[in-house]
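This is upload.txt (compact mmCIF, C-alpha atoms (C1' of nucleotides)).
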# COMPACT_ATOMS: atom_id res chain seq x y z
CA MET A 1 0.00 0.00 0.00
CA LYS A 2 2.97 2.29 -0.16
CA LYS A 3 3.36 1.97 -3.92
CA THR A 4 1.62 5.26 -4.69
CA ASP A 5 0.65 8.41 -2.88
CA ILE A 6 -2.90 7.18 -2.81
CA GLU A 7 -3.64 4.89 0.04
CA THR A 8 -6.83 3.41 1.35
CA GLN A 9 -6.07 5.85 4.11
CA ASN A 10 -6.49 9.57 3.56
CA LEU A 11 -8.32 9.27 0.26
CA THR A 12 -10.23 12.46 0.98
CA LYS A 13 -7.09 14.39 1.72
CA HIS A 14 -5.42 13.32 -1.51
CA CYS A 15 -8.61 13.98 -3.43
CA ASN A 16 -8.84 17.52 -2.11
CA GLU A 17 -5.18 18.29 -2.70
CA ASP A 18 -5.18 16.84 -6.20
CA LEU A 19 -8.30 18.71 -7.28
CA ILE A 20 -6.65 21.97 -6.31
CA LEU A 21 -3.45 21.13 -8.16
CA ALA A 22 -5.42 20.06 -11.22
CA VAL A 23 -7.35 23.31 -11.47
CA LEU A 24 -4.08 25.23 -11.26
CA GLN A 25 -2.91 23.50 -14.44
CA ASP A 26 -4.50 26.05 -16.74
CA GLY A 27 -3.30 29.16 -14.96
CA ASP A 28 -2.64 30.84 -11.64
CA LYS A 29 -5.54 31.34 -9.28
CA HIS A 30 -6.26 32.45 -5.75
CA GLY A 31 -7.95 30.31 -3.11
CA TYR A 32 -11.50 31.54 -3.31
CA GLN A 33 -11.44 31.34 -7.09
CA LEU A 34 -10.07 27.78 -6.96
CA ALA A 35 -12.94 26.63 -4.79
CA LEU A 36 -15.55 28.24 -7.04
CA GLU A 37 -14.00 26.77 -10.15
CA ILE A 38 -13.88 23.24 -8.77
CA GLU A 39 -17.51 23.57 -7.75
CA GLU A 40 -18.57 24.88 -11.16
CA LYS A 41 -16.50 22.44 -13.21
CA SER A 42 -17.91 19.49 -11.31
CA GLY A 43 -21.53 20.63 -11.56
CA HIS A 44 -21.59 21.42 -7.84
CA TYR A 45 -20.46 17.87 -7.08
CA PHE A 46 -17.26 18.84 -5.30
CA ARG A 47 -17.37 21.62 -2.79
CA PHE A 48 -14.76 23.09 -0.49
CA ASN A 49 -15.64 24.83 2.70
CA HIS A 50 -13.05 27.46 3.42
CA GLY A 51 -12.20 25.96 6.79
CA THR A 52 -10.71 23.10 4.79
CA LEU A 53 -9.47 25.02 1.76
CA TYR A 54 -6.94 27.37 3.28
CA PRO A 55 -5.08 24.87 5.47
CA ILE A 56 -4.69 22.63 2.39
CA LEU A 57 -3.30 25.52 0.36
CA HIS A 58 -0.79 26.26 3.12
CA LYS A 59 0.22 22.61 3.23
CA LEU A 60 0.65 22.37 -0.55
CA GLU A 61 2.78 25.50 -0.45
CA LYS A 62 4.90 24.10 2.38
CA ASP A 63 5.35 20.91 0.34
CA GLY A 64 6.59 22.97 -2.60
CA LYS A 65 3.83 21.83 -4.93
CA ILE A 66 2.39 25.31 -5.32
CA LYS A 67 3.80 28.76 -4.83
CA GLY A 68 1.82 31.67 -3.50
CA SER A 69 2.38 35.39 -3.87
CA TRP A 70 0.36 38.27 -2.51
CA LEU A 71 -1.11 40.58 -5.12
CA LYS A 72 -0.81 44.29 -4.39
CA ASP A 73 -2.87 45.69 -7.24
CA ASP A 74 -3.89 48.65 -5.08
CA SER A 75 -7.30 48.59 -6.74
CA LYS A 76 -7.96 44.97 -5.82
CA ARG A 77 -8.59 43.51 -2.40
CA LYS A 78 -5.78 41.40 -0.97
CA ARG A 79 -5.40 38.07 -2.71
CA LYS A 80 -2.86 35.34 -2.63
CA GLN A 81 -2.27 34.01 -6.13
CA TYR A 82 -1.08 30.43 -6.40
CA SER A 83 0.85 28.81 -9.22
CA LEU A 84 1.78 25.19 -9.82
CA THR A 85 5.49 24.49 -9.41
CA ALA A 86 7.46 22.00 -11.52
CA LYS A 87 7.37 19.66 -8.54
CA GLY A 88 3.61 20.03 -8.27
CA ARG A 89 3.15 19.38 -11.97
CA LYS A 90 5.16 16.16 -11.86
CA TYR A 91 3.34 15.07 -8.73
CA LEU A 92 0.00 15.70 -10.39
CA GLU A 93 0.93 13.58 -13.39
CA ARG A 94 1.79 10.67 -11.13
CA GLN A 95 -1.41 11.14 -9.19
CA VAL A 96 -3.63 10.91 -12.26
CA ALA A 97 -2.09 7.51 -13.02
CA ALA A 98 -2.33 6.48 -9.38
CA TRP A 99 -6.01 7.41 -9.14
CA LYS A 100 -6.77 5.41 -12.28
CA GLU A 101 -5.05 2.37 -10.85
CA PHE A 102 -6.89 2.84 -7.60
CA PHE A 103 -10.22 3.00 -9.31
CA ASP A 104 -9.54 0.04 -11.60
CA ARG A 105 -8.73 -2.13 -8.61
CA PHE A 106 -11.61 -0.75 -6.60
CA ILE A 107 -14.27 -1.25 -9.27
CA GLY A 108 -12.73 -4.64 -10.01
CA ILE A 109 -13.70 -5.76 -6.55
CA MET A 110 -16.96 -3.84 -6.41
CA GLU A 111 -18.18 -5.53 -9.58
CA GLU A 112 -16.70 -8.93 -8.82
CA ILE A 113 -14.72 -9.11 -12.07
CA GLU A 114 -12.37 -12.06 -11.59
CA MET B 115 -22.68 17.24 -2.14
CA LYS B 116 -25.51 15.41 -0.46
CA LYS B 117 -26.73 13.76 -3.65
CA THR B 118 -25.05 10.42 -2.98
CA ASP B 119 -23.56 8.59 -0.06
CA ILE B 120 -20.14 9.40 -1.39
CA GLU B 121 -18.93 12.78 -0.39
CA THR B 122 -15.63 14.52 -0.76
CA GLN B 123 -15.65 13.93 2.95
CA ASN B 124 -15.11 10.45 4.33
CA LEU B 125 -14.08 8.88 1.05
CA THR B 126 -11.86 6.41 2.87
CA LYS B 127 -14.64 5.35 5.19
CA HIS B 128 -17.03 4.67 2.31
CA CYS B 129 -14.28 2.93 0.39
CA ASN B 130 -13.56 0.58 3.27
CA GLU B 131 -17.20 -0.15 3.97
CA ASP B 132 -18.05 -0.75 0.33
CA LEU B 133 -15.12 -3.10 -0.27
CA ILE B 134 -16.32 -5.26 2.60
CA LEU B 135 -19.89 -5.30 1.32
CA ALA B 136 -18.68 -6.11 -2.20
CA VAL B 137 -16.67 -9.13 -1.11
CA LEU B 138 -19.69 -10.45 0.77
CA GLN B 139 -21.63 -10.56 -2.51
CA ASP B 140 -20.40 -14.03 -3.42
CA GLY B 141 -20.99 -15.68 -0.07
CA ASP B 142 -20.83 -15.33 3.69
CA LYS B 143 -17.46 -14.72 5.28
CA HIS B 144 -15.93 -13.86 8.61
CA GLY B 145 -13.85 -10.77 9.31
CA TYR B 146 -10.36 -12.13 9.05
CA GLN B 147 -11.24 -13.93 5.82
CA LEU B 148 -12.77 -10.77 4.36
CA ALA B 149 -9.58 -8.83 4.92
CA LEU B 150 -7.42 -11.53 3.34
CA GLU B 151 -9.70 -11.80 0.34
CA ILE B 152 -9.73 -8.07 -0.34
CA GLU B 153 -5.95 -8.04 -0.13
CA GLU B 154 -5.59 -10.98 -2.49
CA LYS B 155 -8.20 -9.86 -5.00
CA SER B 156 -6.59 -6.44 -5.27
CA GLY B 157 -3.06 -7.78 -5.66
CA HIS B 158 -2.14 -6.48 -2.20
CA TYR B 159 -3.28 -3.01 -3.18
CA PHE B 160 -5.97 -2.73 -0.51
CA ARG B 161 -5.14 -3.80 2.98
CA PHE B 162 -7.10 -3.69 6.23
CA ASN B 163 -5.42 -3.61 9.58
CA HIS B 164 -7.65 -5.29 12.09
CA GLY B 165 -7.84 -2.22 14.29
CA THR B 166 -9.87 -0.71 11.47
CA LEU B 167 -11.63 -3.81 10.23
CA TYR B 168 -13.63 -4.90 13.26
CA PRO B 169 -15.11 -1.51 14.19
CA ILE B 170 -16.29 -1.18 10.57
CA LEU B 171 -17.92 -4.60 10.68
CA HIS B 172 -19.72 -3.64 13.89
CA LYS B 173 -20.89 -0.42 12.30
CA LEU B 174 -22.16 -2.15 9.15
CA GLU B 175 -24.03 -4.61 11.32
CA LYS B 176 -25.55 -1.82 13.38
CA ASP B 177 -26.62 -0.14 10.14
CA GLY B 178 -28.35 -3.35 9.06
CA LYS B 179 -26.24 -3.76 5.93
CA ILE B 180 -24.71 -7.02 7.09
CA LYS B 181 -25.79 -9.61 9.61
CA GLY B 182 -23.37 -11.51 11.80
CA SER B 183 -23.80 -14.82 13.55
CA TRP B 184 -21.36 -16.70 15.75
CA LEU B 185 -20.37 -20.10 14.49
CA LYS B 186 -20.31 -22.85 17.07
CA ASP B 187 -18.85 -25.67 14.99
CA ASP B 188 -17.25 -27.15 18.09
CA SER B 189 -14.26 -28.14 15.97
CA LYS B 190 -13.63 -24.62 14.73
CA ARG B 191 -12.36 -21.65 16.69
CA LYS B 192 -14.91 -18.93 17.37
CA ARG B 193 -15.82 -16.98 14.26
CA LYS B 194 -18.43 -14.46 13.43
CA GLN B 195 -19.82 -15.13 9.98
CA TYR B 196 -21.26 -12.14 8.14
CA SER B 197 -23.84 -12.12 5.38
CA LEU B 198 -25.08 -9.30 3.18
CA THR B 199 -28.66 -8.26 3.97
CA ALA B 200 -31.19 -7.13 1.37
CA LYS B 201 -30.61 -3.59 2.59
CA GLY B 202 -26.85 -4.00 2.17
CA ARG B 203 -27.26 -5.40 -1.31
CA LYS B 204 -29.40 -2.48 -2.45
CA TYR B 205 -27.03 -0.03 -0.83
CA LEU B 206 -24.08 -1.63 -2.61
CA GLU B 207 -25.78 -1.33 -5.98
CA ARG B 208 -26.30 2.38 -5.43
CA GLN B 209 -22.73 2.80 -4.29
CA VAL B 210 -21.25 1.25 -7.44
CA ALA B 211 -23.12 3.85 -9.49
CA ALA B 212 -22.17 6.60 -7.06
CA TRP B 213 -18.47 5.72 -7.19
CA LYS B 214 -18.54 5.76 -10.98
CA GLU B 215 -20.10 9.19 -10.99
CA PHE B 216 -17.56 10.36 -8.47
CA PHE B 217 -14.67 9.13 -10.51
CA ASP B 218 -16.01 10.50 -13.79
CA ARG B 219 -16.30 13.94 -12.27
CA PHE B 220 -12.97 13.65 -10.53
CA ILE B 221 -10.98 12.50 -13.55
CA GLY B 222 -12.84 15.10 -15.63
CA ILE B 223 -11.23 17.81 -13.54
CA MET B 224 -7.88 16.04 -13.14
CA GLU B 225 -7.49 15.76 -16.90
CA GLU B 226 -8.96 19.15 -17.73
CA ILE B 227 -11.59 17.71 -20.07
CA GLU B 228 -13.97 20.62 -20.69
C1' DC C 229 5.39 -27.94 24.52
C1' DG C 230 6.30 -23.62 22.72
C1' DT C 231 5.71 -20.68 18.75
C1' DA C 232 3.19 -18.92 14.67
C1' DT C 233 -1.10 -18.29 12.74
C1' DT C 234 -5.87 -17.66 12.98
C1' DA C 235 -9.51 -14.80 14.95
C1' DT C 236 -11.89 -11.10 17.37
C1' DA C 237 -11.76 -6.99 20.08
C1' DT C 238 -10.69 -2.52 22.39
C1' DA C 239 -7.99 1.68 23.95
C1' DG C 240 -5.10 5.71 23.34
C1' DA C 241 -2.85 8.77 20.23
C1' DT C 242 -2.93 11.10 16.08
C1' DG C 243 -4.60 13.81 12.43
C1' DG C 244 -7.90 15.69 9.13
C1' DT C 245 -12.49 17.77 8.36
C1' DC C 246 -16.46 20.63 9.71
C1' DG C 247 -18.72 24.44 11.49
C1' DA C 248 -18.21 28.64 13.64
C1' DT C 249 -16.02 32.81 14.12
C1' DA C 250 -13.01 36.83 12.94
C1' DT C 251 -11.46 40.35 9.87
C1' DA C 252 -11.67 43.42 5.96
C1' DT C 253 -12.86 45.30 1.35
C1' DA C 254 -15.95 46.07 -2.82
C1' DG C 255 -20.27 46.71 -4.79
C1' DA C 256 -25.44 46.98 -4.85
C1' DG C 257 -29.46 48.92 -3.35
C1' DA C 258 -32.36 51.78 -0.18
C1' DT D 259 -24.76 57.44 3.24
C1' DC D 260 -25.66 53.36 5.35
C1' DT D 261 -26.43 48.60 5.28
C1' DC D 262 -26.26 44.16 3.37
C1' DT D 263 -24.18 40.80 0.54
C1' DA D 264 -20.32 38.87 -1.82
C1' DT D 265 -15.49 38.50 -2.03
C1' DA D 266 -11.26 36.96 0.32
C1' DT D 267 -8.25 34.95 3.77
C1' DA D 268 -7.52 32.81 8.17
C1' DT D 269 -7.80 30.22 12.61
C1' DC D 270 -9.87 27.51 16.44
C1' DG D 271 -12.39 23.84 18.87
C1' DA D 272 -15.17 19.84 18.40
C1' DC D 273 -15.74 15.76 16.27
C1' DC D 274 -14.67 11.48 14.21
C1' DA D 275 -12.11 7.96 11.71
C1' DT D 276 -7.87 5.63 11.38
C1' DC D 277 -3.46 3.71 13.17
C1' DT D 278 -0.64 1.41 16.36
C1' DA D 279 -0.42 -1.27 20.11
C1' DT D 280 -2.21 -4.39 23.20
C1' DA D 281 -5.24 -8.22 24.98
C1' DT D 282 -7.19 -12.68 24.58
C1' DA D 283 -7.66 -17.35 23.01
C1' DA D 284 -7.69 -21.48 20.10
C1' DT D 285 -5.44 -24.31 16.66
C1' DA D 286 -1.65 -26.13 13.77
C1' DC D 287 2.97 -27.35 13.38
C1' DG D 288 7.47 -28.76 14.47
If you convert what's in this file into structure tokens, what do you get?
Amino acid sequence: MKKTDIETQNLTKHCNEDLILAVLQDGDKHGYQLALEIEEKSGHYFRFNHGTLYPILHKLEKDGKIKGSWLKDDSKRKRKQYSLTAKGRKYLERQVAAWKEFFDRFIGIMEEIE
Amino acid sequence: MKKTDIETQNLTKHCNEDLILAVLQDGDKHGYQLALEIEEKSGHYFRFNHGTLYPILHKLEKDGKIKGSWLKDDSKRKRKQYSLTAKGRKYLERQVAAWKEFFDRFIGIMEEIE
DNA sequence: CGTATTATATAGATGGTCGATATATAGAGA
DNA sequence: TCTCTATATATCGACCATCTATATAATACG
């Protein structure tokens, strides 16, 4: 169970982290925007409450998977813009493969194929 | 996020519960056997430690999704055999569909399709 | 006869999520 | 102008699920 970053443990955590990284693929975004976009893109299926969102962002930044910088547009309200790092991008690639393997094995058992 | 029993929250919990229910589809089993079978069927991908396994079994029984009965074979050591109830079977069917929806939406965002 | 395996069970520690709360700015409407 | 809502970030305490460790006991094997 240590083959990938996805474990039967902490699925939710990895799911949340990976969704955030994925949405950062097509451009830098700030936290609030990330949450809205994930909700919209998934047809309101996935939803972040901000009590969960911000600690995850801080963790991802600490891990070096994203990089945040405060915007000082004067005109705008304070925002922290996040961008995917090279490390985060590579990690995300591996995760997509890992999630697919997870689901193949999971559905394999759920549907009694074999 | 309340549409199905699968939520972005508690994914692991649902995953664990559903794997157990799934393996009970093809016959009654006891706890220890269930864990071994899930591990084997998944090529050692999924693994239960018994500190997690037994509380889940008790919960599923309390929920009425499985039914346990102690075997008193005399010859055998004490075992609690579990069988899937009608309620559990219906629940499992719904969950397979729910997991597929979950994964479709999830991979949709992960791969930036749309 | 002792050790490993089978088998079930619980307790304490850990850690992640949820809901509530705090703070502050921008824009809409009265 | 004043208030309410939406935007935007952040933290804290309560809750709950999992993990590790521990307890118990019977059977199989050497």
Here's a test: counting all atoms listed in the file, identify every protein, DNA and RNA residue with an atom at most 12 Å from (-11.2, 43.0, 7.3) in the file's coordinate frame, and state them as a list in words. Arg77 and Lys78 of chain A; DA250, DT251, DA252, DT253 and DA254 of chain C; DT265, DA266, DT267 and DA268 of chain D
I'd like the interatomic distance between atom C1' of DA272 of chain D and atom CA of Asn10 of chain A, to a tenth of an Å. 20.0 Å
Within 8 Å of chain C, which residues of chain A are there when counting only C-alpha atoms (C1' of nucleotides)? Please give them as a PyMOL selection string. chain A and resi 13+51-52+77
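If you take only C-alpha atoms (C1' of nucleotides) and a cut-off of 12 Å, the residues of chain B that reach chain D are Gln123, Asn124, Leu125, Thr126, Lys127, His128, Asn130, Phe162, Asn163, His164, Gly165, Thr166, Leu167, Pro169, Ile170, Asp188, Ser189, Lys190, Arg191, Lys192 and Arg193 of chain B.
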Can I have chain B aligned to chain A? Use a least-squares fit on all Cα atoms paired in order and write it out as a tab-separated table (two decimals) with C-alpha atoms, in the frame of the given file.
chain	number	residue	atom	x	y	z
B	115	MET	CA	-0.07	-0.04	0.10
B	116	LYS	CA	2.93	2.23	-0.08
B	117	LYS	CA	3.33	1.90	-3.84
B	118	THR	CA	1.62	5.19	-4.66
B	119	ASP	CA	0.69	8.36	-2.88
B	120	ILE	CA	-2.88	7.19	-2.81
B	121	GLU	CA	-3.63	4.90	0.03
B	122	THR	CA	-6.82	3.43	1.35
B	123	GLN	CA	-6.03	5.86	4.10
B	124	ASN	CA	-6.48	9.57	3.55
B	125	LEU	CA	-8.29	9.27	0.25
B	126	THR	CA	-10.21	12.45	0.95
B	127	LYS	CA	-7.07	14.39	1.71
B	128	HIS	CA	-5.41	13.33	-1.54
B	129	CYS	CA	-8.61	13.98	-3.44
B	130	ASN	CA	-8.84	17.52	-2.12
B	131	GLU	CA	-5.19	18.29	-2.72
B	132	ASP	CA	-5.19	16.85	-6.22
B	133	LEU	CA	-8.32	18.72	-7.30
B	134	ILE	CA	-6.66	21.98	-6.31
B	135	LEU	CA	-3.47	21.13	-8.17
B	136	ALA	CA	-5.46	20.06	-11.23
B	137	VAL	CA	-7.37	23.32	-11.47
B	138	LEU	CA	-4.10	25.24	-11.26
B	139	GLN	CA	-2.93	23.51	-14.45
B	140	ASP	CA	-4.55	26.07	-16.74
B	141	GLY	CA	-3.35	29.18	-14.95
B	142	ASP	CA	-2.67	30.85	-11.63
B	143	LYS	CA	-5.57	31.36	-9.27
B	144	HIS	CA	-6.29	32.46	-5.74
B	145	GLY	CA	-7.97	30.31	-3.10
B	146	TYR	CA	-11.51	31.55	-3.27
B	147	GLN	CA	-11.46	31.35	-7.06
B	148	LEU	CA	-10.09	27.80	-6.96
B	149	ALA	CA	-12.95	26.63	-4.79
B	150	LEU	CA	-15.57	28.24	-7.03
B	151	GLU	CA	-14.02	26.77	-10.15
B	152	ILE	CA	-13.90	23.24	-8.77
B	153	GLU	CA	-17.53	23.55	-7.76
B	154	GLU	CA	-18.58	24.85	-11.16
B	155	LYS	CA	-16.51	22.43	-13.22
B	156	SER	CA	-17.92	19.48	-11.32
B	157	GLY	CA	-21.53	20.63	-11.57
B	158	HIS	CA	-21.60	21.38	-7.83
B	159	TYR	CA	-20.48	17.84	-7.09
B	160	PHE	CA	-17.26	18.83	-5.32
B	161	ARG	CA	-17.38	21.61	-2.81
B	162	PHE	CA	-14.76	23.09	-0.50
B	163	ASN	CA	-15.67	24.87	2.68
B	164	HIS	CA	-13.06	27.47	3.39
B	165	GLY	CA	-12.21	25.99	6.76
B	166	THR	CA	-10.74	23.11	4.78
B	167	LEU	CA	-9.49	25.00	1.76
B	168	TYR	CA	-6.96	27.38	3.26
B	169	PRO	CA	-5.10	24.89	5.47
B	170	ILE	CA	-4.71	22.66	2.40
B	171	LEU	CA	-3.32	25.53	0.36
B	172	HIS	CA	-0.81	26.27	3.12
B	173	LYS	CA	0.19	22.63	3.22
B	174	LEU	CA	0.64	22.39	-0.55
B	175	GLU	CA	2.77	25.50	-0.45
B	176	LYS	CA	4.88	24.10	2.37
B	177	ASP	CA	5.32	20.92	0.34
B	178	GLY	CA	6.57	22.99	-2.60
B	179	LYS	CA	3.82	21.84	-4.94
B	180	ILE	CA	2.37	25.31	-5.34
B	181	LYS	CA	3.80	28.76	-4.84
B	182	GLY	CA	1.80	31.67	-3.50
B	183	SER	CA	2.39	35.37	-3.87
B	184	TRP	CA	0.37	38.26	-2.50
B	185	LEU	CA	-1.08	40.56	-5.09
B	186	LYS	CA	-0.76	44.25	-4.38
B	187	ASP	CA	-2.81	45.66	-7.25
B	188	ASP	CA	-3.79	48.63	-5.11
B	189	SER	CA	-7.22	48.55	-6.73
B	190	LYS	CA	-7.88	44.94	-5.78
B	191	ARG	CA	-8.51	43.51	-2.34
B	192	LYS	CA	-5.71	41.40	-0.92
B	193	ARG	CA	-5.37	38.06	-2.67
B	194	LYS	CA	-2.85	35.32	-2.61
B	195	GLN	CA	-2.28	34.02	-6.11
B	196	TYR	CA	-1.09	30.42	-6.39
B	197	SER	CA	0.83	28.81	-9.22
B	198	LEU	CA	1.74	25.19	-9.84
B	199	THR	CA	5.46	24.50	-9.42
B	200	ALA	CA	7.44	22.03	-11.53
B	201	LYS	CA	7.36	19.69	-8.56
B	202	GLY	CA	3.58	20.05	-8.30
B	203	ARG	CA	3.14	19.40	-11.99
B	204	LYS	CA	5.16	16.19	-11.88
B	205	TYR	CA	3.36	15.09	-8.75
B	206	LEU	CA	0.00	15.71	-10.41
B	207	GLU	CA	0.94	13.59	-13.41
B	208	ARG	CA	1.80	10.69	-11.14
B	209	GLN	CA	-1.40	11.14	-9.20
B	210	VAL	CA	-3.62	10.91	-12.29
B	211	ALA	CA	-2.08	7.52	-13.04
B	212	ALA	CA	-2.31	6.50	-9.39
B	213	TRP	CA	-6.00	7.40	-9.15
B	214	LYS	CA	-6.74	5.39	-12.28
B	215	GLU	CA	-5.01	2.37	-10.84
B	216	PHE	CA	-6.87	2.84	-7.60
B	217	PHE	CA	-10.20	3.00	-9.30
B	218	ASP	CA	-9.52	0.04	-11.59
B	219	ARG	CA	-8.69	-2.11	-8.60
B	220	PHE	CA	-11.58	-0.76	-6.59
B	221	ILE	CA	-14.24	-1.23	-9.25
B	222	GLY	CA	-12.71	-4.64	-10.02
B	223	ILE	CA	-13.66	-5.76	-6.54
B	224	MET	CA	-16.95	-3.85	-6.40
B	225	GLU	CA	-18.16	-5.54	-9.57
B	226	GLU	CA	-16.69	-8.95	-8.81
B	227	ILE	CA	-14.73	-9.10	-12.06
B	228	GLU	CA	-12.36	-12.04	-11.58
Could you list, as a PDB file with C-alpha atoms, in the frame of the given file, the residues of chain B having an atom within 8 Å of chain A when counting only C-alpha atoms?
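After the write, result18.pdb holds the following:
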ATOM      1  CA  MET B 115     -22.680  17.240  -2.140  1.00  0.00           C
ATOM      2  CA  GLU B 121     -18.930  12.780  -0.390  1.00  0.00           C
ATOM      3  CA  THR B 122     -15.630  14.520  -0.760  1.00  0.00           C
ATOM      4  CA  GLN B 123     -15.650  13.930   2.950  1.00  0.00           C
ATOM      5  CA  ASN B 124     -15.110  10.450   4.330  1.00  0.00           C
ATOM      6  CA  LEU B 125     -14.080   8.880   1.050  1.00  0.00           C
ATOM      7  CA  THR B 126     -11.860   6.410   2.870  1.00  0.00           C
ATOM      8  CA  CYS B 129     -14.280   2.930   0.390  1.00  0.00           C
ATOM      9  CA  ASN B 130     -13.560   0.580   3.270  1.00  0.00           C
ATOM     10  CA  ASP B 132     -18.050  -0.750   0.330  1.00  0.00           C
ATOM     11  CA  LEU B 133     -15.120  -3.100  -0.270  1.00  0.00           C
ATOM     12  CA  ALA B 136     -18.680  -6.110  -2.200  1.00  0.00           C
ATOM     13  CA  VAL B 137     -16.670  -9.130  -1.110  1.00  0.00           C
ATOM     14  CA  ILE B 152      -9.730  -8.070  -0.340  1.00  0.00           C
ATOM     15  CA  LYS B 155      -8.200  -9.860  -5.000  1.00  0.00           C
ATOM     16  CA  SER B 156      -6.590  -6.440  -5.270  1.00  0.00           C
ATOM     17  CA  HIS B 158      -2.140  -6.480  -2.200  1.00  0.00           C
ATOM     18  CA  TYR B 159      -3.280  -3.010  -3.180  1.00  0.00           C
ATOM     19  CA  PHE B 160      -5.970  -2.730  -0.510  1.00  0.00           C
ATOM     20  CA  ARG B 161      -5.140  -3.800   2.980  1.00  0.00           C
ATOM     21  CA  VAL B 210     -21.250   1.250  -7.440  1.00  0.00           C
ATOM     22  CA  PHE B 217     -14.670   9.130 -10.510  1.00  0.00           C
ATOM     23  CA  ARG B 219     -16.300  13.940 -12.270  1.00  0.00           C
ATOM     24  CA  PHE B 220     -12.970  13.650 -10.530  1.00  0.00           C
ATOM     25  CA  ILE B 221     -10.980  12.500 -13.550  1.00  0.00           C
ATOM     26  CA  GLY B 222     -12.840  15.100 -15.630  1.00  0.00           C
ATOM     27  CA  ILE B 223     -11.230  17.810 -13.540  1.00  0.00           C
ATOM     28  CA  MET B 224      -7.880  16.040 -13.140  1.00  0.00           C
ATOM     29  CA  GLU B 225      -7.490  15.760 -16.900  1.00  0.00           C
ATOM     30  CA  GLU B 226      -8.960  19.150 -17.730  1.00  0.00           C
TER      31      GLU B 226
END
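Atom CA of Ala97 of chain A is found 28.7 Å from atom CA of Leu138 of chain B.
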Specify the axis-aligned box that encloses all atoms of segment 119-135 of chain B listed in the file after padding of 4 Å on each side, stating its centre and edge lengths in Å to one decimal as AutoDock Vina command-line options.
--center_x -17.7 --center_y 4.6 --center_z 1.9 --size_x 19.7 --size_y 27.8 --size_z 14.6
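Counting from atom CA of Leu60 of chain A, the distance to atom CA of Asp28 of chain A is 14.3 Å.
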